file model-v3.cif (mmCIF, C-alpha atoms)
data_entry
#
loop_
_atom_site.group_PDB
_atom_site.id
_atom_site.type_symbol
_atom_site.label_atom_id
_atom_site.label_comp_id
_atom_site.auth_asym_id
_atom_site.auth_seq_id
_atom_site.Cartn_x
_atom_site.Cartn_y
_atom_site.Cartn_z
ATOM 1 C CA MET A 24 -21.328 88.924 -30.021
ATOM 2 C CA ALA A 25 -20.065 85.421 -30.814
ATOM 3 C CA LEU A 26 -17.671 85.562 -27.844
ATOM 4 C CA THR A 27 -20.460 86.765 -25.557
ATOM 5 C CA LEU A 28 -22.736 83.931 -26.659
ATOM 6 C CA ALA A 29 -19.961 81.402 -26.089
ATOM 7 C CA LEU A 30 -19.322 82.711 -22.582
ATOM 8 C CA VAL A 31 -23.025 82.646 -21.737
ATOM 9 C CA ALA A 32 -23.272 79.070 -23.007
ATOM 10 C CA CYS A 33 -20.285 77.992 -20.867
ATOM 11 C CA SER A 34 -21.541 79.603 -17.669
ATOM 12 C CA PRO A 35 -24.376 77.139 -16.912
ATOM 13 C CA ARG A 36 -22.046 74.190 -17.524
ATOM 14 C CA GLN A 37 -19.398 75.569 -15.187
ATOM 15 C CA LEU A 38 -22.032 76.360 -12.595
ATOM 16 C CA ILE A 39 -23.351 72.797 -12.733
ATOM 17 C CA LEU A 40 -19.811 71.382 -12.487
ATOM 18 C CA GLN A 41 -19.005 73.550 -9.474
ATOM 19 C CA GLU A 42 -22.243 72.519 -7.773
ATOM 20 C CA ALA A 43 -21.417 68.870 -8.457
ATOM 21 C CA ALA A 44 -17.885 69.367 -7.145
ATOM 22 C CA ASN A 45 -19.152 70.970 -3.942
ATOM 23 C CA ALA A 46 -21.736 68.219 -3.457
ATOM 24 C CA LEU A 47 -19.096 65.507 -3.903
ATOM 25 C CA ALA A 48 -16.766 67.285 -1.487
ATOM 26 C CA SER A 49 -19.531 67.438 1.121
ATOM 27 C CA GLN A 50 -20.281 63.756 0.654
ATOM 28 C CA GLY A 51 -16.618 62.957 1.191
ATOM 29 C CA GLN A 52 -16.770 64.654 4.588
ATOM 30 C CA ALA A 53 -19.934 62.854 5.696
ATOM 31 C CA PRO A 54 -19.442 60.702 8.831
ATOM 32 C CA GLU A 55 -19.240 56.947 8.318
ATOM 33 C CA ASP A 56 -18.032 54.264 10.723
ATOM 34 C CA ASP A 57 -18.849 51.106 8.745
ATOM 35 C CA LEU A 58 -15.598 49.991 7.096
ATOM 36 C CA VAL A 59 -17.280 47.500 4.768
ATOM 37 C CA LEU A 60 -19.799 50.065 3.522
ATOM 38 C CA ALA A 61 -17.058 52.657 3.130
ATOM 39 C CA ARG A 62 -14.961 50.260 1.073
ATOM 40 C CA GLU A 63 -17.855 49.298 -1.184
ATOM 41 C CA ALA A 64 -18.817 52.925 -1.802
ATOM 42 C CA SER A 65 -15.309 54.309 -2.221
ATOM 43 C CA ALA A 66 -14.361 53.145 -5.707
ATOM 44 C CA PHE A 67 -17.241 54.824 -7.528
ATOM 45 C CA TYR A 68 -17.004 57.950 -5.369
ATOM 46 C CA LEU A 69 -13.270 58.333 -5.987
ATOM 47 C CA LYS A 70 -13.548 57.792 -9.736
ATOM 48 C CA LEU A 71 -16.391 60.300 -10.010
ATOM 49 C CA SER A 72 -14.627 62.848 -7.813
ATOM 50 C CA GLU A 73 -11.461 62.577 -9.875
ATOM 51 C CA ALA A 74 -13.410 63.040 -13.124
ATOM 52 C CA VAL A 75 -15.214 66.134 -11.820
ATOM 53 C CA LEU A 76 -11.967 67.518 -10.371
ATOM 54 C CA ARG A 77 -10.378 67.455 -13.827
ATOM 55 C CA GLN A 78 -13.135 69.821 -14.944
ATOM 56 C CA THR A 79 -12.908 72.009 -11.821
ATOM 57 C CA PRO A 80 -9.170 71.967 -10.988
ATOM 58 C CA GLY A 81 -9.373 74.955 -8.660
ATOM 59 C CA ASN A 82 -12.009 73.469 -6.364
ATOM 60 C CA VAL A 83 -10.065 73.005 -3.120
ATOM 61 C CA PRO A 84 -12.755 71.131 -1.118
ATOM 62 C CA LEU A 85 -13.118 68.507 -3.852
ATOM 63 C CA ALA A 86 -9.352 68.226 -4.293
ATOM 64 C CA VAL A 87 -9.001 67.654 -0.539
ATOM 65 C CA ALA A 88 -11.794 65.058 -0.614
ATOM 66 C CA ALA A 89 -10.223 63.217 -3.569
ATOM 67 C CA ALA A 90 -6.680 63.290 -2.178
ATOM 68 C CA SER A 91 -7.774 62.222 1.300
ATOM 69 C CA GLY A 92 -10.082 59.573 -0.151
ATOM 70 C CA PHE A 93 -7.390 57.917 -2.278
ATOM 71 C CA THR A 94 -4.873 58.137 0.581
ATOM 72 C CA GLN A 95 -7.189 56.603 3.160
ATOM 73 C CA TYR A 96 -8.394 53.922 0.742
ATOM 74 C CA ALA A 97 -4.787 52.931 0.030
ATOM 75 C CA TYR A 98 -3.927 52.774 3.728
ATOM 76 C CA ALA A 99 -7.092 51.167 5.099
ATOM 77 C CA PHE A 100 -8.043 48.710 2.379
ATOM 78 C CA VAL A 101 -4.838 47.885 0.495
ATOM 79 C CA GLN A 102 -1.721 48.462 2.600
ATOM 80 C CA LEU A 103 -3.177 46.954 5.776
ATOM 81 C CA GLU A 104 -4.294 43.885 3.835
ATOM 82 C CA ALA A 105 -0.773 43.570 2.404
ATOM 83 C CA ASP A 106 0.726 43.659 5.898
ATOM 84 C CA ARG A 107 -1.664 40.972 7.100
ATOM 85 C CA LEU A 108 -0.929 38.789 4.085
ATOM 86 C CA ASP A 109 2.849 39.133 4.238
ATOM 87 C CA ALA A 110 3.514 36.080 6.410
ATOM 88 C CA LYS A 111 1.311 33.824 4.268
ATOM 89 C CA ASP A 112 1.963 35.021 0.713
ATOM 90 C CA ALA A 113 4.810 37.485 0.268
ATOM 91 C CA GLN A 114 4.280 37.771 -3.489
ATOM 92 C CA ALA A 115 0.601 38.660 -3.163
ATOM 93 C CA ALA A 116 1.469 41.116 -0.387
ATOM 94 C CA GLN A 117 4.011 42.819 -2.632
ATOM 95 C CA MET A 118 1.429 43.185 -5.393
ATOM 96 C CA LEU A 119 -0.925 44.873 -2.943
ATOM 97 C CA ARG A 120 1.831 47.220 -1.791
ATOM 98 C CA GLU A 121 2.493 48.196 -5.390
ATOM 99 C CA ARG A 122 -1.197 48.939 -5.808
ATOM 100 C CA ALA A 123 -1.224 50.983 -2.606
ATOM 101 C CA ALA A 124 1.791 52.962 -3.822
ATOM 102 C CA SER A 125 -0.027 53.679 -7.080
ATOM 103 C CA LEU A 126 -3.092 54.912 -5.180
ATOM 104 C CA TYR A 127 -0.923 57.144 -2.989
ATOM 105 C CA GLN A 128 0.646 58.566 -6.144
ATOM 106 C CA ARG A 129 -2.819 59.266 -7.530
ATOM 107 C CA ALA A 130 -3.794 61.114 -4.351
ATOM 108 C CA GLN A 131 -0.607 63.174 -4.436
ATOM 109 C CA ARG A 132 -1.068 63.986 -8.119
ATOM 110 C CA ASN A 133 -4.627 65.224 -7.600
ATOM 111 C CA ALA A 134 -3.589 67.455 -4.704
ATOM 112 C CA MET A 135 -0.475 68.836 -6.403
ATOM 113 C CA ARG A 136 -2.374 69.543 -9.608
ATOM 114 C CA THR A 137 -4.795 71.748 -7.682
ATOM 115 C CA LEU A 138 -1.994 73.509 -5.801
ATOM 116 C CA GLU A 139 -0.278 74.155 -9.124
ATOM 117 C CA PHE A 140 -3.520 75.462 -10.648
ATOM 118 C CA ARG A 141 -4.036 77.865 -7.741
ATOM 119 C CA HIS A 142 -0.377 78.887 -7.521
ATOM 120 C CA PRO A 143 1.349 78.521 -10.924
ATOM 121 C CA GLY A 144 4.948 77.431 -10.486
ATOM 122 C CA PHE A 145 4.237 75.800 -7.104
ATOM 123 C CA SER A 146 6.099 72.542 -7.876
ATOM 124 C CA LYS A 147 9.120 74.357 -9.275
ATOM 125 C CA ALA A 148 9.280 76.621 -6.230
ATOM 126 C CA LEU A 149 8.975 73.617 -3.899
ATOM 127 C CA ALA A 150 12.059 72.076 -5.535
ATOM 128 C CA ALA A 151 14.104 75.299 -5.356
ATOM 129 C CA PRO A 152 17.257 75.000 -3.234
ATOM 130 C CA ALA A 153 16.910 78.444 -1.667
ATOM 131 C CA LEU A 154 14.540 78.886 1.261
ATOM 132 C CA ALA A 155 13.460 82.286 -0.039
ATOM 133 C CA SER A 156 12.163 80.665 -3.236
ATOM 134 C CA TRP A 157 9.966 78.066 -1.533
ATOM 135 C CA PRO A 158 6.229 78.510 -2.042
ATOM 136 C CA ARG A 159 3.968 79.949 0.624
ATOM 137 C CA ILE A 160 1.075 77.859 1.877
ATOM 138 C CA ALA A 161 -2.105 79.895 2.246
ATOM 139 C CA PRO A 162 -4.334 78.949 5.221
ATOM 140 C CA GLU A 163 -6.997 77.645 2.843
ATOM 141 C CA ASP A 164 -4.406 75.348 1.216
ATOM 142 C CA VAL A 165 -3.146 73.704 4.423
ATOM 143 C CA ALA A 166 -5.429 70.656 4.212
ATOM 144 C CA LEU A 167 -4.572 70.156 0.542
ATOM 145 C CA ALA A 168 -0.846 70.374 1.246
ATOM 146 C CA TYR A 169 -1.221 67.978 4.182
ATOM 147 C CA TRP A 170 -2.859 65.279 2.065
ATOM 148 C CA ALA A 171 -0.374 65.813 -0.765
ATOM 149 C CA ALA A 172 2.530 65.327 1.657
ATOM 150 C CA ALA A 173 0.897 62.381 3.442
ATOM 151 C CA ALA A 174 0.179 60.579 0.169
ATOM 152 C CA TRP A 175 3.678 61.352 -1.098
ATOM 153 C CA GLY A 176 5.168 59.896 2.070
ATOM 154 C CA GLY A 177 3.011 56.799 1.744
ATOM 155 C CA GLN A 178 4.158 56.226 -1.829
ATOM 156 C CA ILE A 179 7.820 56.700 -0.904
ATOM 157 C CA ALA A 180 7.568 54.304 2.044
ATOM 158 C CA LEU A 181 6.297 51.558 -0.273
ATOM 159 C CA SER A 182 8.779 52.265 -3.094
ATOM 160 C CA LYS A 183 12.144 51.787 -1.415
ATOM 161 C CA ASP A 184 13.411 49.790 -4.403
ATOM 162 C CA GLN A 185 12.796 52.768 -6.732
ATOM 163 C CA PRO A 186 15.482 55.426 -6.140
ATOM 164 C CA GLU A 187 13.784 58.005 -8.343
ATOM 165 C CA ILE A 188 10.740 57.949 -6.038
ATOM 166 C CA VAL A 189 12.702 57.807 -2.782
ATOM 167 C CA ALA A 190 14.691 60.840 -3.993
ATOM 168 C CA ASP A 191 11.524 62.928 -3.566
ATOM 169 C CA LEU A 192 11.490 62.426 0.220
ATOM 170 C CA PRO A 193 13.008 65.878 0.907
ATOM 171 C CA LEU A 194 10.294 67.513 -1.218
ATOM 172 C CA ALA A 195 7.504 65.647 0.570
ATOM 173 C CA MET A 196 8.997 66.626 3.927
ATOM 174 C CA ARG A 197 9.363 70.243 2.795
ATOM 175 C CA LEU A 198 5.721 70.365 1.793
ATOM 176 C CA ALA A 199 4.701 68.969 5.180
ATOM 177 C CA GLN A 200 6.917 71.515 6.957
ATOM 178 C CA LEU A 201 5.397 74.408 5.002
ATOM 179 C CA ALA A 202 1.870 73.211 5.822
ATOM 180 C CA TYR A 203 2.811 72.694 9.481
ATOM 181 C CA ALA A 204 4.172 76.242 9.702
ATOM 182 C CA ALA A 205 1.070 77.709 8.030
ATOM 183 C CA ALA A 206 -1.457 75.856 10.201
ATOM 184 C CA PRO A 207 -2.771 77.458 13.409
ATOM 185 C CA PRO A 208 -0.730 76.160 16.377
ATOM 186 C CA ASP A 209 -3.868 74.837 18.058
ATOM 187 C CA ASN A 210 -5.031 72.943 14.974
ATOM 188 C CA ARG A 211 -2.118 70.984 13.590
ATOM 189 C CA GLY A 212 -2.320 67.648 15.381
ATOM 190 C CA ALA A 213 -2.478 65.617 12.176
ATOM 191 C CA LEU A 214 0.374 67.626 10.693
ATOM 192 C CA ALA A 215 2.457 67.114 13.840
ATOM 193 C CA SER A 216 1.928 63.354 13.553
ATOM 194 C CA LEU A 217 2.938 63.465 9.884
ATOM 195 C CA MET A 218 6.048 65.455 10.793
ATOM 196 C CA GLY A 219 6.874 62.812 13.387
ATOM 197 C CA SER A 220 6.620 60.060 10.784
ATOM 198 C CA PHE A 221 8.843 61.967 8.364
ATOM 199 C CA GLU A 222 11.394 62.763 11.087
ATOM 200 C CA ALA A 223 11.573 59.102 12.115
ATOM 201 C CA ALA A 224 12.010 57.987 8.495
ATOM 202 C CA ARG A 225 14.417 60.565 7.117
ATOM 203 C CA PRO A 226 18.185 59.957 6.994
ATOM 204 C CA GLY A 227 19.644 61.761 9.979
ATOM 205 C CA GLY A 228 16.304 62.068 11.733
ATOM 206 C CA THR A 229 16.202 61.604 15.498
ATOM 207 C CA ALA A 230 13.779 59.551 17.571
ATOM 208 C CA GLN A 231 13.725 62.306 20.190
ATOM 209 C CA ARG A 232 12.502 64.946 17.776
ATOM 210 C CA ALA A 233 10.042 62.550 16.152
ATOM 211 C CA ALA A 234 8.630 61.648 19.564
ATOM 212 C CA ALA A 235 8.175 65.344 20.348
ATOM 213 C CA TYR A 236 6.049 65.729 17.209
ATOM 214 C CA PHE A 237 3.969 62.677 18.122
ATOM 215 C CA ASP A 238 3.496 63.976 21.648
ATOM 216 C CA GLU A 239 2.293 67.296 20.239
ATOM 217 C CA ALA A 240 -0.212 65.453 18.071
ATOM 218 C CA ILE A 241 -1.417 63.383 21.030
ATOM 219 C CA ALA A 242 -1.748 66.503 23.206
ATOM 220 C CA GLN A 243 -3.941 68.149 20.555
ATOM 221 C CA ASP A 244 -5.934 65.248 19.121
ATOM 222 C CA GLY A 245 -5.311 62.288 21.409
ATOM 223 C CA THR A 246 -8.654 62.480 23.189
ATOM 224 C CA HIS A 247 -10.592 61.816 19.978
ATOM 225 C CA SER A 248 -8.087 60.461 17.416
ATOM 226 C CA ALA A 249 -6.160 57.195 17.687
ATOM 227 C CA ALA A 250 -3.851 57.871 14.734
ATOM 228 C CA ALA A 251 -0.903 59.437 16.576
ATOM 229 C CA PHE A 252 -0.787 56.599 19.130
ATOM 230 C CA VAL A 253 -0.477 54.022 16.341
ATOM 231 C CA ALA A 254 2.058 56.120 14.427
ATOM 232 C CA LYS A 255 4.235 56.608 17.515
ATOM 233 C CA ALA A 256 4.085 52.907 18.339
ATOM 234 C CA GLU A 257 5.301 51.935 14.856
ATOM 235 C CA ALA A 258 7.821 54.752 14.345
ATOM 236 C CA ILE A 259 9.345 55.028 17.834
ATOM 237 C CA ALA A 260 8.612 52.048 20.100
ATOM 238 C CA LEU A 261 8.986 49.308 17.478
ATOM 239 C CA PRO A 262 12.442 50.313 16.149
ATOM 240 C CA ALA A 263 13.624 50.852 19.746
ATOM 241 C CA GLY A 264 12.587 47.325 20.725
ATOM 242 C CA ASP A 265 10.285 48.731 23.420
ATOM 243 C CA GLN A 266 7.514 46.133 23.415
ATOM 244 C CA ALA A 267 5.943 47.422 26.631
ATOM 245 C CA GLY A 268 5.731 50.962 25.282
ATOM 246 C CA PHE A 269 4.524 49.635 21.934
ATOM 247 C CA SER A 270 1.673 47.713 23.555
ATOM 248 C CA ALA A 271 0.740 50.615 25.847
ATOM 249 C CA LEU A 272 0.419 53.026 22.917
ATOM 250 C CA LEU A 273 -1.702 50.570 20.951
ATOM 251 C CA ARG A 274 -4.009 49.984 23.917
ATOM 252 C CA GLN A 275 -4.468 53.739 24.183
ATOM 253 C CA ALA A 276 -5.364 53.760 20.484
ATOM 254 C CA LEU A 277 -7.945 51.029 21.060
ATOM 255 C CA ALA A 278 -9.492 52.954 23.954
ATOM 256 C CA VAL A 279 -9.772 56.186 21.952
ATOM 257 C CA SER A 280 -11.168 54.435 18.890
ATOM 258 C CA ALA A 281 -13.790 52.679 21.014
ATOM 259 C CA ALA A 282 -14.886 55.998 22.500
ATOM 260 C CA HIS A 283 -15.000 57.748 19.102
ATOM 261 C CA PRO A 284 -15.875 55.116 16.468
ATOM 262 C CA ASP A 285 -15.623 57.221 13.300
ATOM 263 C CA LEU A 286 -14.145 55.867 10.063
ATOM 264 C CA GLN A 287 -10.555 56.934 10.718
ATOM 265 C CA ASN A 288 -10.608 55.527 14.228
ATOM 266 C CA SER A 289 -12.175 52.305 12.966
ATOM 267 C CA VAL A 290 -9.202 51.915 10.618
ATOM 268 C CA MET A 291 -6.771 52.696 13.424
ATOM 269 C CA ARG A 292 -8.535 50.203 15.694
ATOM 270 C CA GLU A 293 -8.061 47.438 13.134
ATOM 271 C CA ARG A 294 -4.387 48.248 12.682
ATOM 272 C CA ALA A 295 -3.753 48.611 16.414
ATOM 273 C CA GLN A 296 -5.402 45.268 17.136
ATOM 274 C CA TRP A 297 -3.456 43.540 14.361
ATOM 275 C CA LEU A 298 -0.187 44.996 15.663
ATOM 276 C CA LEU A 299 -0.988 43.843 19.187
ATOM 277 C CA ASP A 300 -1.866 40.360 17.940
ATOM 278 C CA THR A 301 1.434 40.075 16.078
ATOM 279 C CA ALA A 302 3.624 41.880 18.634
ATOM 280 C CA ASP A 303 5.552 38.743 19.604
ATOM 281 C CA ASP A 304 6.533 38.210 15.983
ATOM 282 C CA LEU A 305 7.546 41.859 15.539
ATOM 283 C CA PHE A 306 9.895 41.949 18.541
#
call {"tool": "encode", "arguments": {"input": "model-v3.cif", "output": "structure tokens"}}
result
Amino acid sequence: MALTLALVACSPRQLILQEAANALASQGQAPEDDLVLAREASAFYLKLSEAVLRQTPGNVPLAVAAASGFTQYAYAFVQLEADRLDAKDAQAAQMLRERAASLYQRAQRNAMRTLEFRHPGFSKALAAPALASWPRIAPEDVALAYWAAAAWGGQIALSKDQPEIVADLPLAMRLAQLAYAAAPPDNRGALASLMGSFEAARPGGTAQRAAAYFDEAIAQDGTHSAAAFVAKAEAIALPAGDQAGFSALLRQALAVSAAHPDLQNSVMRERAQWLLDTADDLF
């Protein structure tokens, strides 16, 4: 009887928490194209989402919203500001990059915690040397795995002076590969772009293969998303010294973002314009 009463007492609380988690996840997916408003609203939303997620660790929509929110906040409002500041104040820029890396780590931790909750032993399986031991990504976990891998890659890219973090690059790439393989072929544009970024960055990676991933992403999402154009410009054209190709890709990004001014494209528009404005210094 005591156990029954305890379970009954817990049920309303869990129900309320799940309803709150679902409501927060829905809010995270709401359209918004005002970068200033998004920045001002993000801090409270992310803190609240993270707190509720700790109480509902199996809630995939909220985990996706939290991981994507921290990742996009780090990229749009911290890392981009660091890049802009670099020429004027290298020390301040480095401090911002360290903060961005910390936010990426937070996003990755939230996503991986939920994957581990849903699939106990997930992290251990991901690190296994044998292909047969690697975890399987369920279709409903693809978005979560994508944001975990994207955030992980972002943290690694900003932590090149920390070997213990850089050593995780193969695991982040493996997670992205597993998500890419599990996603429907006609709905993996963002994953293809992420694979392109990893391929361009990894030791032994080839520009040709990376470009093929970016081209796949552009073929799938390029009419409404500017992200792959910017990623290809930075990962392929810039290292190759191809300023004409670099500028052409960024102008395509500006055109797409103008036609579809959602939050992600607004961020990409700002980065594309900044890269164009500083192209002479970059080449």
call {"tool": "atom_distance", "arguments": {"input": "model-v3.cif", "atom1": "atom CA of Ser65 of chain A", "atom2": "atom CA of Leu194 of chain A"}}
result
28.8 Å
call {"tool": "atom_distance", "arguments": {"input": "model-v3.cif", "atom1": "atom CA of Ala276 of chain A", "atom2": "atom CA of Ala90 of chain A"}}
result
24.6 Å
call {"tool": "resolve_selection", "arguments": {"input": "model-v3.cif", "expression": "the PyMOL selection byres ((chain A and resi 294) around 12)", "output": "ChimeraX atom specification"}}
result
/A:98-100,102-107,249-250,252-254,256-257,273-274,276-277,280,287-293,295-302
call {"tool": "atom_distance", "arguments": {"input": "model-v3.cif", "atom1": "atom CA of Arg136 of chain A", "atom2": "atom CA of Val87 of chain A"}}
result
11.4 Å
call {"tool": "resolve_selection", "arguments": {"input": "model-v3.cif", "expression": "the PyMOL selection byres ((chain A and resi 230-242) around 8)", "output": "MDAnalysis selection string"}}
result
chainID A and resid 211:216 218:223 228:229 243:246 251:252 254:255 259
call {"tool": "resolve_selection", "arguments": {"input": "model-v3.cif", "expression": "the PyMOL selection byres ((chain A and resi 166) around 12)", "output": "PyMOL selection string"}}
result
chain A and resi 83-91+134-135+137-138+160-165+167-173+198-199+201-203+205-207+210-214
call {"tool": "closest_residue", "arguments": {"input": "model-v3.cif", "among": "A:Ala110, A:Ala97, A:Val59, A:Ala124", "to": "Leu305 of chain A", "atoms": "only C-alpha atoms"}}
result
A:Ala110
call {"tool": "closest_residue", "arguments": {"input": "model-v3.cif", "among": "A:Arg225, A:His142, A:Lys147, A:His283", "to": "Ser248 of chain A", "atoms": "only C-alpha atoms"}}
result
A:His283
call {"tool": "axis_aligned_box", "arguments": {"input": "model-v3.cif", "around": "segment 232-245 of chain A", "padding_each_side": "8 Å", "output": "lines of an AutoDock Vina configuration file"}}
result
center_x = 3.3
center_y = 64.9
center_z = 19.7
size_x = 34.4
size_y = 22.5
size_z = 23.1
call {"tool": "residues_around", "arguments": {"input": "model-v3.cif", "residues": "Tyr127 of chain A", "least_positions_apart": "6", "cutoff": "8 Å", "atoms": "only C-alpha atoms", "output": "PyMOL selection string"}}
result
chain A and resi 93-94+97+174-175+177-178
call {"tool": "build_atoms", "arguments": {"input": "model-v3.cif", "residues": "segment 290-306 of chain A", "atoms": "N, CA and C atoms", "output": "CSV table (one decimal), in the frame of the given file"}}
result
chain,number,residue,atom,x,y,z
A,290,VAL,N,-10.4,52.4,11.3
A,290,VAL,CA,-9.2,51.9,10.6
A,290,VAL,C,-8.0,51.8,11.6
A,291,MET,N,-7.9,52.8,12.4
A,291,MET,CA,-6.8,52.7,13.4
A,291,MET,C,-7.0,51.6,14.4
A,292,ARG,N,-8.2,51.3,14.8
A,292,ARG,CA,-8.5,50.2,15.7
A,292,ARG,C,-8.1,48.9,15.1
A,293,GLU,N,-8.4,48.7,13.8
A,293,GLU,CA,-8.1,47.4,13.1
A,293,GLU,C,-6.5,47.3,13.1
A,294,ARG,N,-5.8,48.4,12.8
A,294,ARG,CA,-4.4,48.2,12.7
A,294,ARG,C,-3.8,48.0,14.1
A,295,ALA,N,-4.3,48.8,15.1
A,295,ALA,CA,-3.8,48.6,16.4
A,295,ALA,C,-4.0,47.2,16.9
A,296,GLN,N,-5.1,46.6,16.7
A,296,GLN,CA,-5.4,45.3,17.1
A,296,GLN,C,-4.5,44.3,16.4
A,297,TRP,N,-4.3,44.4,15.1
A,297,TRP,CA,-3.5,43.5,14.4
A,297,TRP,C,-2.0,43.6,14.9
A,298,LEU,N,-1.5,44.8,15.1
A,298,LEU,CA,-0.2,45.0,15.7
A,298,LEU,C,0.0,44.4,17.0
A,299,LEU,N,-1.0,44.5,17.9
A,299,LEU,CA,-1.0,43.8,19.2
A,299,LEU,C,-1.0,42.3,19.0
A,300,ASP,N,-1.8,41.8,18.1
A,300,ASP,CA,-1.9,40.4,17.9
A,300,ASP,C,-0.6,39.8,17.4
A,301,THR,N,0.2,40.6,16.7
A,301,THR,CA,1.4,40.1,16.1
A,301,THR,C,2.7,40.6,16.8
A,302,ALA,N,2.5,41.2,17.9
A,302,ALA,CA,3.6,41.9,18.6
A,302,ALA,C,4.8,40.9,18.9
A,303,ASP,N,4.5,39.7,19.3
A,303,ASP,CA,5.6,38.7,19.6
A,303,ASP,C,6.4,38.4,18.4
A,304,ASP,N,5.8,38.5,17.2
A,304,ASP,CA,6.5,38.2,16.0
A,304,ASP,C,7.4,39.4,15.6
A,305,LEU,N,6.9,40.6,15.9
A,305,LEU,CA,7.5,41.9,15.5
A,305,LEU,C,8.8,42.1,16.4
A,306,PHE,N,8.8,41.7,17.6
A,306,PHE,CA,9.9,41.9,18.5
A,306,PHE,C,10.8,40.7,18.7
